[in-house]
$ cat data_2.tsv   # TSV, C-alpha atoms
chain	number	residue	atom	x	y	z
A	1	MET	CA	4.78	6.29	13.51
A	2	SER	CA	6.90	4.89	10.70
A	3	TYR	CA	9.42	3.62	13.23
A	4	LEU	CA	6.85	0.97	14.23
A	5	LEU	CA	6.59	-0.38	10.68
A	6	SER	CA	9.18	-2.60	9.01
A	7	HIS	CA	11.48	-0.72	6.63
A	8	LEU	CA	13.03	-2.22	3.51
A	9	ARG	CA	16.42	-0.63	2.88
A	10	SER	CA	17.37	-2.02	-0.56
A	11	GLY	CA	15.83	-3.02	-3.85
A	12	TRP	CA	16.75	-6.63	-3.11
A	13	ALA	CA	14.91	-6.50	0.22
A	14	VAL	CA	11.78	-5.14	-1.51
A	15	ASP	CA	11.94	-7.92	-4.13
A	16	GLN	CA	12.40	-10.57	-1.44
A	17	ALA	CA	9.47	-9.25	0.60
A	18	ILE	CA	7.22	-9.47	-2.47
A	19	LEU	CA	8.57	-12.84	-3.62
A	20	ASN	CA	8.64	-14.68	-0.29
A	21	GLU	CA	5.14	-13.90	0.96
A	22	GLU	CA	2.81	-16.59	-0.37
A	23	GLU	CA	-0.32	-16.33	1.76
A	24	ARG	CA	-0.72	-12.64	2.58
A	25	VAL	CA	-0.98	-9.36	0.71
A	26	VAL	CA	2.22	-7.32	0.81
A	27	ILE	CA	1.46	-3.63	1.34
A	28	ILE	CA	4.33	-1.27	0.59
A	29	ARG	CA	4.22	2.41	1.45
A	30	PHE	CA	6.69	4.25	-0.78
A	31	GLY	CA	7.66	7.74	0.35
A	32	HIS	CA	9.66	9.63	2.98
A	33	ASP	CA	9.40	9.21	6.74
A	34	TRP	CA	9.54	12.99	7.21
A	35	ASP	CA	6.70	13.79	4.79
A	36	THR	CA	3.41	14.81	6.48
A	37	THR	CA	1.28	12.77	4.05
A	38	CYS	CA	3.40	9.70	4.76
A	39	MET	CA	3.15	10.35	8.48
A	40	GLN	CA	-0.65	10.33	8.25
A	41	MET	CA	-0.65	7.14	6.18
A	42	ASP	CA	1.91	5.50	8.50
A	43	GLU	CA	-0.33	6.22	11.47
A	44	ILE	CA	-3.25	4.51	9.73
A	45	LEU	CA	-1.08	1.55	8.67
A	46	CYS	CA	0.46	1.21	12.11
A	47	ASN	CA	-2.92	1.23	13.84
A	48	ILE	CA	-4.40	-1.43	11.54
A	49	ALA	CA	-1.30	-3.65	11.37
A	50	GLU	CA	-2.49	-5.85	14.23
A	51	ASP	CA	-6.00	-6.16	12.74
A	52	VAL	CA	-4.81	-7.24	9.28
A	53	LYS	CA	-1.80	-9.38	10.30
A	54	ASN	CA	-3.56	-12.60	9.26
A	55	PHE	CA	-4.00	-11.54	5.63
A	56	ALA	CA	-1.54	-8.66	5.05
A	57	THR	CA	1.97	-7.55	5.89
A	58	ILE	CA	3.04	-3.90	5.78
A	59	TYR	CA	6.41	-2.40	4.82
A	60	CYS	CA	7.81	1.10	4.29
A	61	VAL	CA	10.33	2.04	1.60
A	62	ASP	CA	12.13	5.38	1.44
A	63	ILE	CA	12.12	6.42	-2.24
A	64	THR	CA	15.39	8.37	-1.86
A	65	GLU	CA	17.21	5.51	-0.15
A	66	VAL	CA	15.81	2.92	-2.60
A	67	PRO	CA	15.29	4.70	-5.96
A	68	ASP	CA	15.12	1.42	-7.92
A	69	PHE	CA	11.32	1.46	-8.25
A	70	ASN	CA	10.70	5.18	-8.81
A	71	THR	CA	10.41	4.99	-12.60
A	72	MET	CA	9.02	1.45	-12.75
A	73	TYR	CA	6.05	2.28	-10.51
A	74	GLU	CA	5.95	6.03	-11.31
A	75	LEU	CA	6.56	7.05	-7.71
A	76	TYR	CA	6.33	10.82	-8.15
A	77	ASP	CA	3.83	11.50	-5.36
A	78	PRO	CA	4.93	12.20	-1.77
A	79	CYS	CA	3.22	9.04	-0.49
A	80	THR	CA	2.23	5.94	-2.45
A	81	VAL	CA	0.71	2.68	-1.21
A	82	MET	CA	0.83	-0.40	-3.45
A	83	PHE	CA	-0.43	-3.95	-3.04
A	84	PHE	CA	1.25	-7.20	-4.09
A	85	PHE	CA	0.13	-10.83	-3.81
A	86	ARG	CA	2.20	-13.87	-4.81
A	87	ASN	CA	4.71	-11.76	-6.73
A	88	ARG	CA	1.96	-9.92	-8.61
A	89	HIS	CA	1.03	-6.26	-8.45
A	90	ILE	CA	-2.67	-6.03	-7.55
A	91	MET	CA	-4.39	-3.00	-9.02
A	92	ILE	CA	-7.40	-1.43	-7.34
A	93	ASP	CA	-10.05	0.71	-9.03
A	94	LEU	CA	-10.64	3.60	-6.64
A	95	GLY	CA	-12.54	5.72	-9.16
A	96	THR	CA	-9.64	8.14	-9.54
A	97	GLY	CA	-8.35	6.89	-12.90
A	98	ASN	CA	-5.10	5.61	-11.39
A	99	ASN	CA	-5.63	1.93	-10.68
A	100	ASN	CA	-2.02	1.18	-9.72
A	101	LYS	CA	-1.77	2.76	-6.29
A	102	ILE	CA	-3.19	4.93	-3.53
A	103	ASN	CA	-1.34	8.25	-3.63
A	104	TRP	CA	-3.05	10.16	-0.83
A	105	ALA	CA	-3.38	9.61	2.91
A	106	LEU	CA	-6.58	7.95	4.04
A	107	ASN	CA	-8.01	9.32	7.26
A	108	ASN	CA	-10.19	6.39	8.31
A	109	HIS	CA	-8.84	3.10	9.69
A	110	GLN	CA	-11.87	1.10	8.62
A	111	GLU	CA	-11.65	2.32	5.00
A	112	MET	CA	-8.06	1.05	4.78
A	113	ILE	CA	-8.99	-2.29	6.35
A	114	ASP	CA	-11.86	-2.63	3.85
A	115	ILE	CA	-9.55	-1.87	0.92
A	116	ILE	CA	-6.97	-4.41	2.11
A	117	GLU	CA	-9.67	-7.03	2.60
A	118	VAL	CA	-11.05	-6.46	-0.91
A	119	VAL	CA	-7.53	-6.70	-2.36
A	120	PHE	CA	-6.88	-9.93	-0.44
A	121	ARG	CA	-10.15	-11.59	-1.47
A	122	GLY	CA	-9.78	-10.57	-5.11
A	123	ALA	CA	-6.12	-11.55	-5.30
A	124	ARG	CA	-6.82	-14.99	-3.82
A	125	LYS	CA	-9.34	-15.54	-6.60
A	126	GLY	CA	-6.70	-14.64	-9.19
A	127	ARG	CA	-7.95	-11.18	-10.05
A	128	GLY	CA	-5.37	-8.58	-11.00
A	129	LEU	CA	-7.80	-5.67	-10.66
A	130	VAL	CA	-10.27	-5.29	-7.80
A	131	ILE	CA	-12.96	-2.68	-7.23
A	132	SER	CA	-12.71	-0.50	-4.13
A	133	PRO	CA	-15.62	-0.70	-1.67
A	134	LYS	CA	-15.80	3.11	-1.77
A	135	ASP	CA	-15.62	5.44	-4.77
A	136	TYR	CA	-12.96	8.10	-4.26
A	137	SER	CA	-13.69	10.04	-7.46
A	138	THR	CA	-15.56	12.63	-5.41
A	139	LYS	CA	-13.04	12.76	-2.58
A	140	TYR	CA	-12.70	16.49	-3.04
A	141	LYS	CA	-16.12	18.09	-3.24
A	142	TYR	CA	-15.95	21.42	-5.02
$ encode --input "data_2.tsv" --output "structure tokens"
Amino acid sequence: MSYLLSHLRSGWAVDQAILNEEERVVIIRFGHDWDTTCMQMDEILCNIAEDVKNFATIYCVDITEVPDFNTMYELYDPCTVMFFFRNRHIMIDLGTGNNNKINWALNNHQEMIDIIEVVFRGARKGRGLVISPKDYSTKYKY
């Protein structure tokens, strides 16, 4: 499904996508198109792209093709989703301890839409950290 999402092929293109979008949240999925976790996340992002087009724009970045951000954003996971608004990284408290990014594949379209909406509303108010509508600290029940 990643072929339906816009790809950014250079560090400059990633910077321009973040810099030039003034009114919407920029969602960037860092990872590989061939990775199964990324494929699951791409399917979710592709299916919600039409629903969130008024307040978010979605891009994919291959971390091998564009390694510029790997150390800056600690992109060591197979799939990472990050949010930016008006050239600012928006952190989200998901209850996992890592407020910078989502590093697993969500399996529910509505959960992702809710997260994007919370990020958009919080970012418009000037908040750099927003609280997720759902707590993911107990995602894996033992």
$ closest_residue --input "data_2.tsv" --among "A:Met72, A:Ala56, A:Val119, A:Ile48" --to "A:Glu22" --atoms "all atoms listed in the file"
A:Ala56
$ residues_around --input "data_2.tsv" --residues "A:Cys46" --least-positions-apart "6" --cutoff "12 Å" --atoms "all atoms listed in the file" --output "PyMOL selection string"
chain A and resi 1-6+27+29+38-40+52-53+57-60+109+112-113
$ closest_residue --input "data_2.tsv" --among "A:Asn107, A:Asn98, A:Thr64, A:Thr71" --to "A:Asp33" --atoms "all atoms listed in the file"
A:Thr64
$ atom_distance --input "data_2.tsv" --atom1 "atom CA of A:Gly97" --atom2 "atom CA of A:Gln16"
29.4 Å
$ residues_around --input "data_2.tsv" --residues "A:Arg24" --least-positions-apart "5" --cutoff "12 Å" --atoms "all atoms listed in the file" --output "number ranges by chain"
A: 17-19, 52-58, 83-88, 116-117, 119-121, 123-124
$ atom_distance --input "data_2.tsv" --atom1 "atom CA of A:Lys134" --atom2 "atom CA of A:Asp51"
19.8 Å
$ atom_distance --input "data_2.tsv" --atom1 "atom CA of A:Cys79" --atom2 "atom CA of A:Ile44"
12.9 Å
$ residues_around --input "data_2.tsv" --residues "A:Lys101" --least-positions-apart "3" --cutoff "12 Å" --atoms "only C-alpha atoms" --output "PyMOL selection string"
chain A and resi 27-30+73-77+79-84+89-98+104-105+115+119+129-130+132
$ axis_aligned_box --input "data_2.tsv" --around "stretch 83-93 of chain A" --padding-each-side "8 Å" --output "JSON"
{"center_x": -2.7, "center_y": -6.6, "center_z": -6.0, "size_x": 30.8, "size_y": 30.6, "size_z": 22.0}
$ residues_near_point --input "data_2.tsv" --point "(21.6, 1.8, -3.8)" --cutoff "10 Å" --atoms "only C-alpha atoms" --output "MDAnalysis selection string"
chainID A and resid 9:12 64:68
$ closest_residue --input "data_2.tsv" --among "A:Gly31, A:Gln110, A:Asn20, A:Asp15" --to "A:Asp62" --atoms "all atoms listed in the file"
A:Gly31
